[in-house]
>>> print(open('work-v4.cif').read())   # mmCIF, C-alpha atoms
data_protein
#
loop_
_atom_site.label_atom_id
_atom_site.label_comp_id
_atom_site.auth_asym_id
_atom_site.auth_seq_id
_atom_site.Cartn_x
_atom_site.Cartn_y
_atom_site.Cartn_z
CA MET A 246 -16.44 -26.86 46.71
CA ALA A 247 -15.90 -24.93 43.47
CA MET A 248 -14.06 -22.20 45.40
CA LEU A 249 -11.75 -24.76 47.03
CA HIS A 250 -11.07 -26.30 43.63
CA ARG A 251 -10.10 -22.88 42.19
CA ILE A 252 -7.84 -22.15 45.17
CA HIS A 253 -6.19 -25.57 44.76
CA GLU A 254 -5.69 -24.94 41.03
CA GLY A 255 -4.08 -21.58 41.78
CA LEU A 256 -1.73 -23.04 44.36
CA SER A 257 -0.84 -25.95 42.06
CA TRP A 258 -0.01 -23.50 39.28
CA ARG A 259 2.24 -21.48 41.60
CA TRP A 260 3.98 -24.64 42.79
CA ARG A 261 4.71 -25.60 39.17
CA GLU A 262 6.09 -22.10 38.54
CA TRP A 263 8.38 -22.38 41.57
CA ARG A 264 9.55 -25.82 40.41
CA ARG A 265 10.35 -24.40 36.96
CA GLY A 266 12.42 -21.69 38.59
CA ASN A 267 10.12 -18.84 37.60
CA TYR A 268 10.23 -17.33 41.09
CA PRO A 269 13.16 -16.89 43.45
CA LYS A 270 13.54 -19.73 45.91
CA HIS A 271 14.17 -17.44 48.88
CA ARG A 272 12.50 -14.42 50.35
CA VAL A 273 14.39 -11.23 51.00
CA ARG A 274 12.97 -9.28 53.92
CA HIS A 275 13.38 -5.51 54.21
CA ARG A 276 16.77 -5.43 52.50
CA TYR A 277 15.77 -2.97 49.82
CA GLN A 278 13.31 -0.18 49.22
CA SER A 279 10.00 -1.31 47.76
CA GLU A 280 9.15 -0.03 44.30
CA THR A 281 5.77 1.14 45.63
CA SER A 282 7.48 3.40 48.16
CA LYS A 283 9.07 5.28 45.24
CA CYS A 284 5.75 6.18 43.61
CA ARG A 285 3.37 6.40 46.59
CA ALA A 286 3.50 10.20 46.87
CA ARG A 287 2.60 10.61 43.18
CA LEU A 288 0.18 7.74 42.58
CA GLY A 289 -1.49 7.29 45.97
CA ALA A 290 -3.99 10.05 45.19
CA TYR A 291 -5.44 7.90 42.39
CA CYS A 292 -5.99 4.95 44.75
CA VAL A 293 -9.09 6.10 46.61
CA GLY A 294 -12.14 4.05 47.53
CA CYS A 295 -12.36 0.27 47.45
CA GLY A 296 -9.44 -1.09 45.47
CA VAL A 297 -6.77 -3.71 45.20
CA ASP A 298 -2.98 -3.76 45.24
CA LEU A 299 -1.67 -6.64 43.16
CA GLY A 300 1.65 -8.07 44.35
CA PRO A 301 2.46 -5.60 47.13
CA GLY A 302 5.13 -7.75 48.78
CA GLY A 303 4.11 -6.46 52.20
CA ASP A 304 4.13 -2.75 51.25
CA PRO A 305 0.78 -1.79 49.67
CA ILE A 306 0.01 1.56 48.07
CA ASN A 307 -2.15 2.37 51.11
CA ALA A 308 -3.35 0.67 54.28
CA THR A 309 -6.88 0.04 52.99
CA ALA A 310 -6.02 -1.61 49.66
CA ILE A 311 -7.02 -5.26 49.37
CA ARG A 312 -3.72 -7.11 49.15
CA VAL A 313 -3.48 -9.86 46.51
CA ASP A 314 -0.19 -11.71 46.26
CA LEU A 315 1.31 -15.16 46.03
CA PRO A 316 0.55 -17.19 49.15
CA THR A 317 4.27 -16.82 49.86
CA PRO A 318 5.32 -13.63 48.04
CA TYR A 319 8.79 -13.65 46.51
CA ALA A 320 9.24 -10.02 47.60
CA ASP A 321 8.91 -9.23 51.28
CA VAL A 322 9.58 -5.54 51.78
CA GLY A 323 6.95 -4.60 54.34
CA ASP A 324 4.88 -5.75 57.27
CA TYR A 325 1.44 -6.19 55.68
CA GLN A 326 0.27 -9.77 55.22
CA VAL A 327 -1.32 -11.29 52.12
CA GLN A 328 -5.12 -11.11 52.27
CA LEU A 329 -5.98 -13.02 49.08
CA GLY A 330 -3.39 -15.56 48.00
CA GLY A 331 -3.32 -16.41 44.32
CA SER A 332 -2.40 -15.24 40.87
CA ALA A 333 -2.96 -11.64 39.82
CA ASP A 334 -4.00 -12.70 36.32
CA HIS A 335 -7.21 -14.32 37.59
CA LEU A 336 -9.08 -12.13 40.08
CA TYR A 337 -11.92 -14.59 40.63
CA TRP A 338 -12.67 -13.10 44.06
CA PHE A 339 -14.20 -10.04 42.38
CA ARG A 340 -17.27 -9.65 40.21
CA ASP A 341 -17.25 -7.45 37.12
CA GLU A 342 -17.09 -3.70 37.74
CA THR A 343 -16.76 -3.79 41.53
CA LEU A 344 -13.53 -1.89 42.33
CA ASP A 345 -12.65 1.80 42.34
CA TYR A 346 -9.00 1.16 41.50
CA VAL A 347 -6.48 -1.50 40.60
CA PHE A 348 -2.89 -0.68 41.53
CA SER A 349 0.12 -2.72 40.55
CA SER A 350 3.80 -1.98 40.94
CA HIS A 351 6.47 -3.93 39.05
CA LEU A 352 4.28 -6.97 38.37
CA LEU A 353 2.78 -6.79 34.87
CA GLU A 354 6.18 -7.48 33.28
CA ASP A 355 6.21 -10.92 34.94
CA PHE A 356 3.33 -12.17 32.76
CA GLU A 357 3.71 -13.58 29.27
CA ASP A 358 0.33 -12.35 27.96
CA THR A 359 0.17 -8.81 29.27
CA ARG A 360 -2.90 -7.91 27.19
CA SER A 361 -5.01 -10.67 28.79
CA VAL A 362 -3.84 -9.62 32.24
CA LEU A 363 -4.80 -6.00 31.56
CA MET A 364 -8.23 -7.14 30.37
CA GLU A 365 -8.72 -9.03 33.63
CA TRP A 366 -7.68 -6.01 35.68
CA LEU A 367 -10.06 -3.80 33.71
CA ARG A 368 -12.87 -6.33 34.14
CA VAL A 369 -13.05 -5.75 37.89
CA LEU A 370 -12.96 -1.93 37.63
CA LYS A 371 -16.13 0.13 37.80
CA PRO A 372 -16.76 2.56 34.94
CA GLY A 373 -14.61 5.54 35.84
CA GLY A 374 -12.39 3.35 38.02
CA ARG A 375 -8.65 3.82 37.81
CA LEU A 376 -5.98 1.45 36.56
CA VAL A 377 -2.72 2.60 38.18
CA LEU A 378 0.49 1.00 36.94
CA PHE A 379 4.11 1.53 37.96
CA CYS A 380 6.50 -0.71 36.02
CA PRO A 381 10.08 -0.98 34.80
CA ASP A 382 11.27 -0.05 31.35
CA GLU A 383 13.11 -3.29 30.69
CA GLN A 384 15.88 -1.84 28.54
CA VAL A 385 16.65 0.94 31.02
CA TYR A 386 16.33 -1.48 33.96
CA ALA A 387 18.69 -4.04 32.38
CA GLU A 388 21.27 -1.34 31.71
CA HIS A 389 20.90 -0.09 35.30
CA CYS A 390 21.55 -3.62 36.59
CA ARG A 391 24.62 -4.00 34.35
CA ARG A 392 25.98 -0.62 35.43
CA THR A 393 25.37 -0.94 39.17
CA GLY A 394 25.65 -4.68 39.77
CA GLN A 395 22.05 -4.84 41.02
CA ARG A 396 20.62 -8.33 40.59
CA HIS A 397 18.33 -8.52 37.56
CA ASN A 398 14.84 -9.84 38.23
CA ASP A 399 14.65 -13.03 36.18
CA CYS A 400 10.83 -13.06 36.37
CA HIS A 401 10.67 -10.35 33.70
CA ARG A 402 9.31 -11.91 30.50
CA HIS A 403 9.80 -9.23 27.82
CA LYS A 404 12.98 -7.56 26.63
CA ASP A 405 10.87 -4.81 25.03
CA PHE A 406 8.64 -4.14 28.05
CA SER A 407 7.93 -0.41 28.20
CA LEU A 408 5.21 2.20 28.55
CA ALA A 409 4.84 2.25 24.76
CA ARG A 410 4.20 -1.51 24.67
CA VAL A 411 1.58 -1.35 27.43
CA LYS A 412 -0.11 1.64 25.79
CA ARG A 413 -0.43 -0.43 22.59
CA ASP A 414 -2.08 -3.21 24.63
CA LEU A 415 -4.47 -0.74 26.25
CA GLU A 416 -5.31 0.87 22.92
CA SER A 417 -6.12 -2.52 21.41
CA ILE A 418 -8.44 -3.28 24.36
CA GLY A 419 -10.15 0.07 23.94
CA GLN A 420 -11.50 0.53 27.46
CA THR A 421 -9.34 3.30 28.87
CA ARG A 422 -8.66 7.02 28.84
CA ILE A 423 -5.21 8.13 30.00
CA LEU A 424 -5.26 10.51 32.98
CA HIS A 425 -1.52 10.64 33.71
CA GLU A 426 1.66 9.13 32.32
CA ASN A 427 5.40 9.42 32.74
CA ALA A 428 7.69 7.51 30.38
CA LEU A 429 10.71 7.46 32.70
CA ILE A 430 10.84 8.19 36.41
CA ASP A 431 12.69 6.90 39.48
CA VAL A 432 15.75 5.79 37.46
CA TYR A 433 14.24 2.91 35.43
CA SER A 434 10.46 2.95 35.85
CA TRP A 435 7.42 4.37 34.09
CA GLU A 436 3.88 5.03 35.28
CA ILE A 437 0.43 5.39 33.81
CA VAL A 438 -3.03 6.05 35.25
CA CYS A 439 -6.11 5.29 33.14
CA ALA A 440 -9.82 5.67 33.74
CA LYS A 441 -12.04 2.81 32.59
CA VAL A 442 -14.45 3.81 29.85
CA GLY A 443 -16.60 1.91 27.36
CA GLN A 444 -16.44 -1.80 26.61
CA ALA A 445 -13.59 -4.12 25.63
CA GLN A 446 -13.06 -4.72 21.92
#
>>> encode(input="work-v4.cif", output="structure tokens")
Amino acid sequence: MAMLHRIHEGLSWRWREWRRGNYPKHRVRHRYQSETSKCRARLGAYCVGCGVDLGPGGDPINATAIRVDLPTPYADVGDYQVQLGGSADHLYWFRDETLDYVFSSHLLEDFEDTRSVLMEWLRVLKPGGRLVLFCPDEQVYAEHCRRTGQRHNDCHRHKDFSLARVKRDLESIGQTRILHENALIDVYSWEIVCAKVGQAQ
């Protein structure tokens, strides 16, 4: 019963977000290249073992990743179905320290409180597990959209979203050691891979 209540709460929250206009009202299927496809060759090697892809939109980092997305994802760029439908900021399906990796591509920027979301993602990682993030630099991305006419993703919450901002969040949490980072790659994105160490502050 408690599980059904949590699922209902998650769906109710998503419905409210849709009503507020926080997610596109239509799904676009296979009309553009997924962001994950741009980084798979570089970051896929860090996603080994039992792990999760948060918000894959049908194109996960690998075929074995557990796919967590909205029950009806707003991005639909691949053929893989949602396995766990809900919000990526509350991974209640997983106990503490159970996963080998958490991968997320172009999702963290959609959350208001990125520090709390990162803490939740780190919660489910085993010691030594890898947090693998591929995200847009908002200033570079916005300029790219202005220059090319690409539609800007209105779900982005922070005008200053960048690798530097996320590194400050991670440093304040104090549970990670950086294994790899790239401040600008694939036109407007950045990437970072961290190993989980120690305890949250």
>>> resolve_selection(input="work-v4.cif", expression="the PyMOL selection byres ((chain A and resi 421) around 7)", output="PDB file with C-alpha atoms, in the coordinates of the input")
ATOM      1  CA  LEU A 415      -4.470  -0.740  26.250  1.00  0.00           C
ATOM      2  CA  GLY A 419     -10.150   0.070  23.940  1.00  0.00           C
ATOM      3  CA  GLN A 420     -11.500   0.530  27.460  1.00  0.00           C
ATOM      4  CA  ARG A 422      -8.660   7.020  28.840  1.00  0.00           C
ATOM      5  CA  ILE A 423      -5.210   8.130  30.000  1.00  0.00           C
ATOM      6  CA  CYS A 439      -6.110   5.290  33.140  1.00  0.00           C
ATOM      7  CA  ALA A 440      -9.820   5.670  33.740  1.00  0.00           C
ATOM      8  CA  LYS A 441     -12.040   2.810  32.590  1.00  0.00           C
ATOM      9  CA  VAL A 442     -14.450   3.810  29.850  1.00  0.00           C
TER      10      VAL A 442
END
>>> resolve_selection(input="work-v4.cif", expression="the PyMOL selection byres ((chain A and resi 397) around 12)", output="ChimeraX atom specification")
/A:269,381,383-396,398-402
>>> atom_distance(input="work-v4.cif", atom1="CA of Asp314 in chain A", atom2="CA of Gly330 in chain A")
5.3 Å
>>> residues_around(input="work-v4.cif", residues="Lys412 in chain A", least_positions_apart="2", cutoff="12 Å", atoms="only C-alpha atoms", output="list in words")
Thr359, Arg360, Leu363, Leu378, Phe406, Ser407, Leu408, Ala409, Arg410, Asp414, Leu415, Glu416, Ser417, Ile418, Gly419, Gln420, Thr421, Arg422, Ile423, Glu426, Asn427, Ala428, Trp435, Glu436, Ile437, Val438 and Cys439 of chain A
>>> atom_distance(input="work-v4.cif", atom1="CA of Ser361 in chain A", atom2="CA of Gln278 in chain A")
29.4 Å
>>> residues_around(input="work-v4.cif", residues="Gly296 in chain A", least_positions_apart="3", cutoff="12 Å", atoms="all atoms listed in the file", output="number ranges by chain")
A: 289, 291-293, 299, 305-313, 339, 342-349, 366, 369-371, 374-377
>>> atom_distance(input="work-v4.cif", atom1="CA of Tyr433 in chain A", atom2="CA of Glu365 in chain A")
25.9 Å
>>> closest_residue(input="work-v4.cif", among="A:Phe379, A:Phe356, A:Tyr277, A:Tyr325", to="Pro301 in chain A", atoms="all atoms listed in the file")
A:Tyr325
>>> closest_residue(input="work-v4.cif", among="A:Leu367, A:Cys284, A:Cys380, A:Val362", to="Asp341 in chain A", atoms="all atoms listed in the file")
A:Leu367
>>> closest_residue(input="work-v4.cif", among="A:Val297, A:Leu353, A:Gly302, A:Gln326", to="Thr281 in chain A", atoms="all atoms listed in the file")
A:Gly302
>>> closest_residue(input="work-v4.cif", among="A:Asp321, A:Asp431, A:Glu280, A:Asp382", to="Ser350 in chain A", atoms="all atoms listed in the file")
A:Glu280
